[in-house]
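One structure is given here, and the rest of the page talks about it.
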Amino acid sequence: MNWPHDISINAFREKWILEGEPLWEGVFKMHKEKMQIKNAKVAIPNLEKIFTATFKLSNTKGFQAMSLRDLSKETGISMGGLYSYIGSKNDLASVIEGVQRSYIEQVADEILKENLEPKECLRAIIFSEIYMMEIMSSWYYFCFMELKGLSKEQQSYALDNELRSEEILMSIIRDGVLANQFVCEKPELLASQVVAQLQQWHLKQWKFKLREVETEEYARYVFSSLLKCLSVNEG
């Protein structure tokens with residue numbers, strides 16, 4: 001079986017390659033129209049340096065305190081070189097938010113096209129979110145922690161991501177209720193609770209690692225808790 005019928009993280013990784021060279025190729029394709037450098041072989045390694053350094057500096061001193069000169073020093077790319085890839089810090093933040101949003105939408109849309117039963121659809125959505133947070137942890141952490149410092153437009157996009165996640169869950173829950181498979185009086189509150197549980201995975205990684213909680217284990221726990229709220233047997 002392949003993803004999402006096989007719900008393992010290995011099946012997910014085979015379906016969605018969200019790290020390494022394929023990820024940076026995707027970043028280049030999404031961003032290339034705004035860059036002066038159009039040669040993929042030149043641009044992709046430097047994009048990896050720029051975003052990896054941005055995540056590192058954001059974690060140590062904060063994105064708002066970070067300057068492009070700091071980024072130049074960290075990457076070894078001259079200021080003029082940086083401007084060939086990004087026009088400003090706002091552009092940099094916009095690309096990070098845009099890449100994360102694009103992949104979230106792609107993965108969720110692919111699951112919804114499968115026309116799974118409500119229970120299986122919820123499972124795939126929950127497991128995929130956890131897996132993406134694991135694989136793209138730096139992207140998720142940046143978009144959540146640096147939200148207040150982004151432009152209003154970027155804040156709006158980031159908030160829309162969370163609302164869309166809740167809306168997808170609410171829609172699936174309502175479908176299950178209509179099909180007499182779920183019992184739920186307040187899908188909007190339950191969806192909000194689930195999204196908060198999901199966010200814990202990338203916000204509290206240190207705690208879960210300390211307690212040796214594995215990725216799939218946490219995903220199963222969130223899904224199992226949701227089924228109990230919906231009065232559904234897990235088997």
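To be explicit about the labels: the chains of the structure tokens are called A, B, and onward in the order shown, and within each one the residues are counted from 1, while ligands get numbers from 1 in the order they are shown.
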
Using only C-alpha atoms, I'd like a table of the residues in segment 9-112 of chain A that come within 10 Å of segment 130-140 of chain A; for each, show the closest atom pair and its distance in Å rounded to one decimal, ordered by chain and ascending number, as a Markdown table.
| residue | atom | partner | partner_atom | distance |
| --- | --- | --- | --- | --- |
| A:Ile9 | CA | A:Tyr131 | CA | 6.6 |
| A:Asn10 | CA | A:Tyr131 | CA | 9.8 |
| A:Phe12 | CA | A:Tyr131 | CA | 7.7 |
| A:Arg13 | CA | A:Tyr131 | CA | 8.6 |
| A:Trp16 | CA | A:Met132 | CA | 9.2 |
| A:Ile17 | CA | A:Ile135 | CA | 9.2 |
| A:Leu18 | CA | A:Ile135 | CA | 6.8 |
| A:Glu19 | CA | A:Ile135 | CA | 6.9 |
| A:Leu23 | CA | A:Met136 | CA | 9.8 |
| A:Phe51 | CA | A:Trp139 | CA | 9.2 |
| A:Thr52 | CA | A:Ser138 | CA | 8.5 |
| A:Thr54 | CA | A:Ser138 | CA | 9.7 |
| A:Phe55 | CA | A:Ser138 | CA | 6.3 |
| A:Lys56 | CA | A:Ser138 | CA | 8.8 |
| A:Ser58 | CA | A:Ser138 | CA | 9.8 |
| A:Asn59 | CA | A:Ser138 | CA | 9.2 |
| A:Ile96 | CA | A:Trp139 | CA | 6.6 |
| A:Glu97 | CA | A:Trp139 | CA | 7.7 |
| A:Val99 | CA | A:Trp139 | CA | 8.4 |
| A:Gln100 | CA | A:Trp139 | CA | 6.4 |
| A:Arg101 | CA | A:Tyr140 | CA | 9.7 |
| A:Tyr103 | CA | A:Met132 | CA | 8.8 |
| A:Ile104 | CA | A:Met132 | CA | 8.0 |
| A:Val107 | CA | A:Met132 | CA | 9.1 |

Residues of segment 24-110 of chain A in helix (DSSP H, G or I) according to DSSP, as a PyMOL selection string? chain A and resi 24-34+40-61+68-75+79-83+89-110

Show which residues sit within 10 Å of Ala179 of chain A, as a PyMOL selection string. Count only C-alpha atoms, and ignore same-chain residues fewer than 5 positions away. chain A and resi 117-118+173-174

Please save C-alpha atoms of the selected residues as a short mmCIF file (atom, residue, chain, number, x, y, z; two decimals), in the first residue's frame.
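Written output follows (result_12.cif):
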data_model
loop_
_atom_site.label_atom_id
_atom_site.label_comp_id
_atom_site.auth_asym_id
_atom_site.auth_seq_id
_atom_site.Cartn_x
_atom_site.Cartn_y
_atom_site.Cartn_z
CA GLU A 117 -14.10 7.62 4.55
CA PRO A 118 -14.27 10.37 7.22
CA ILE A 173 -16.09 15.88 11.13
CA ARG A 174 -19.36 17.25 9.80
#

So which one's closest to Leu189 of chain A, A:Lys204, A:Met1, A:Ile44, A:Glu166? Using only C-alpha atoms, please.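 Using only C-alpha atoms, the shortest distance to Leu189 of chain A belongs to A:Glu166.
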
One-decimal distance in Å that lies between atom CA of Phe63 of chain A and atom CA of Met145 of chain A: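 So the two atoms, atom CA of Met145 of chain A and atom CA of Phe63 of chain A, lie 9.4 Å apart.
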
Selected residue of minimal separation from Glu216 of chain A among A:Ile86, A:Leu68, A:Ala40, A:Ile126, counting only C-alpha atoms: A:Ile126

Within 9 Å of segment 221-225 of chain A: each segment 92-178 of chain A residue with its shortest pair, only C-alpha atoms, as a tab-separated table:
residue	atom	partner	partner_atom	distance
A:Leu122	CA	A:Phe223	CA	7.8
A:Arg123	CA	A:Phe223	CA	6.2
A:Ile126	CA	A:Phe223	CA	6.8
A:Phe127	CA	A:Phe223	CA	8.1

Just the number, please: distance in Å from atom CA of Glu114 of chain A to atom CA of Leu190 of chain A, one decimal.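 Straight-line distance from atom CA of Glu114 of chain A to atom CA of Leu190 of chain A works out to 23.4 Å.
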
Between atom CA of Leu210 of chain A and atom CA of Tyr141 of chain A, measure the distance and give it in Å to one decimal.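 Atom CA of Leu210 of chain A sits 18.6 Å away from atom CA of Tyr141 of chain A.
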
Selected residue of minimal separation from Met30 of chain A among A:Ser94, A:Ser231, A:Gln154, A:Gln200, counting only C-alpha atoms: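 Ranking A:Ser94, A:Ser231, A:Gln154, A:Gln200 by distance to Met30 of chain A, first place goes to A:Ser94.
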
As number ranges by chain, please: the residues near Ala124 of chain A (cut-off 8 Å, only C-alpha atoms, same-chain neighbours under 6 positions excluded). A: 4, 7, 111

Expected file contents, prior selection, C-alpha atoms, as a JSON list (two decimals), in the first residue's frame:
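Result file is part-v1.json:
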[["chain", "number", "residue", "atom", "x", "y", "z"],
["A", 4, "PRO", "CA", -2.28, 7.64, 2.57],
["A", 7, "ILE", "CA", -0.05, 5.75, 7.16],
["A", 111, "ILE", "CA", -5.60, 13.62, 0.68]]

From the list A:Gln36, A:Asn233, A:Asn46, A:Ser102, the nearest residue to Gln181 of chain A using only C-alpha atoms is A:Asn233

Counting only C-alpha atoms, the option among A:Glu129, A:Glu185, A:Glu105, A:Val213 closest to Asp160 of chain A: A:Glu105
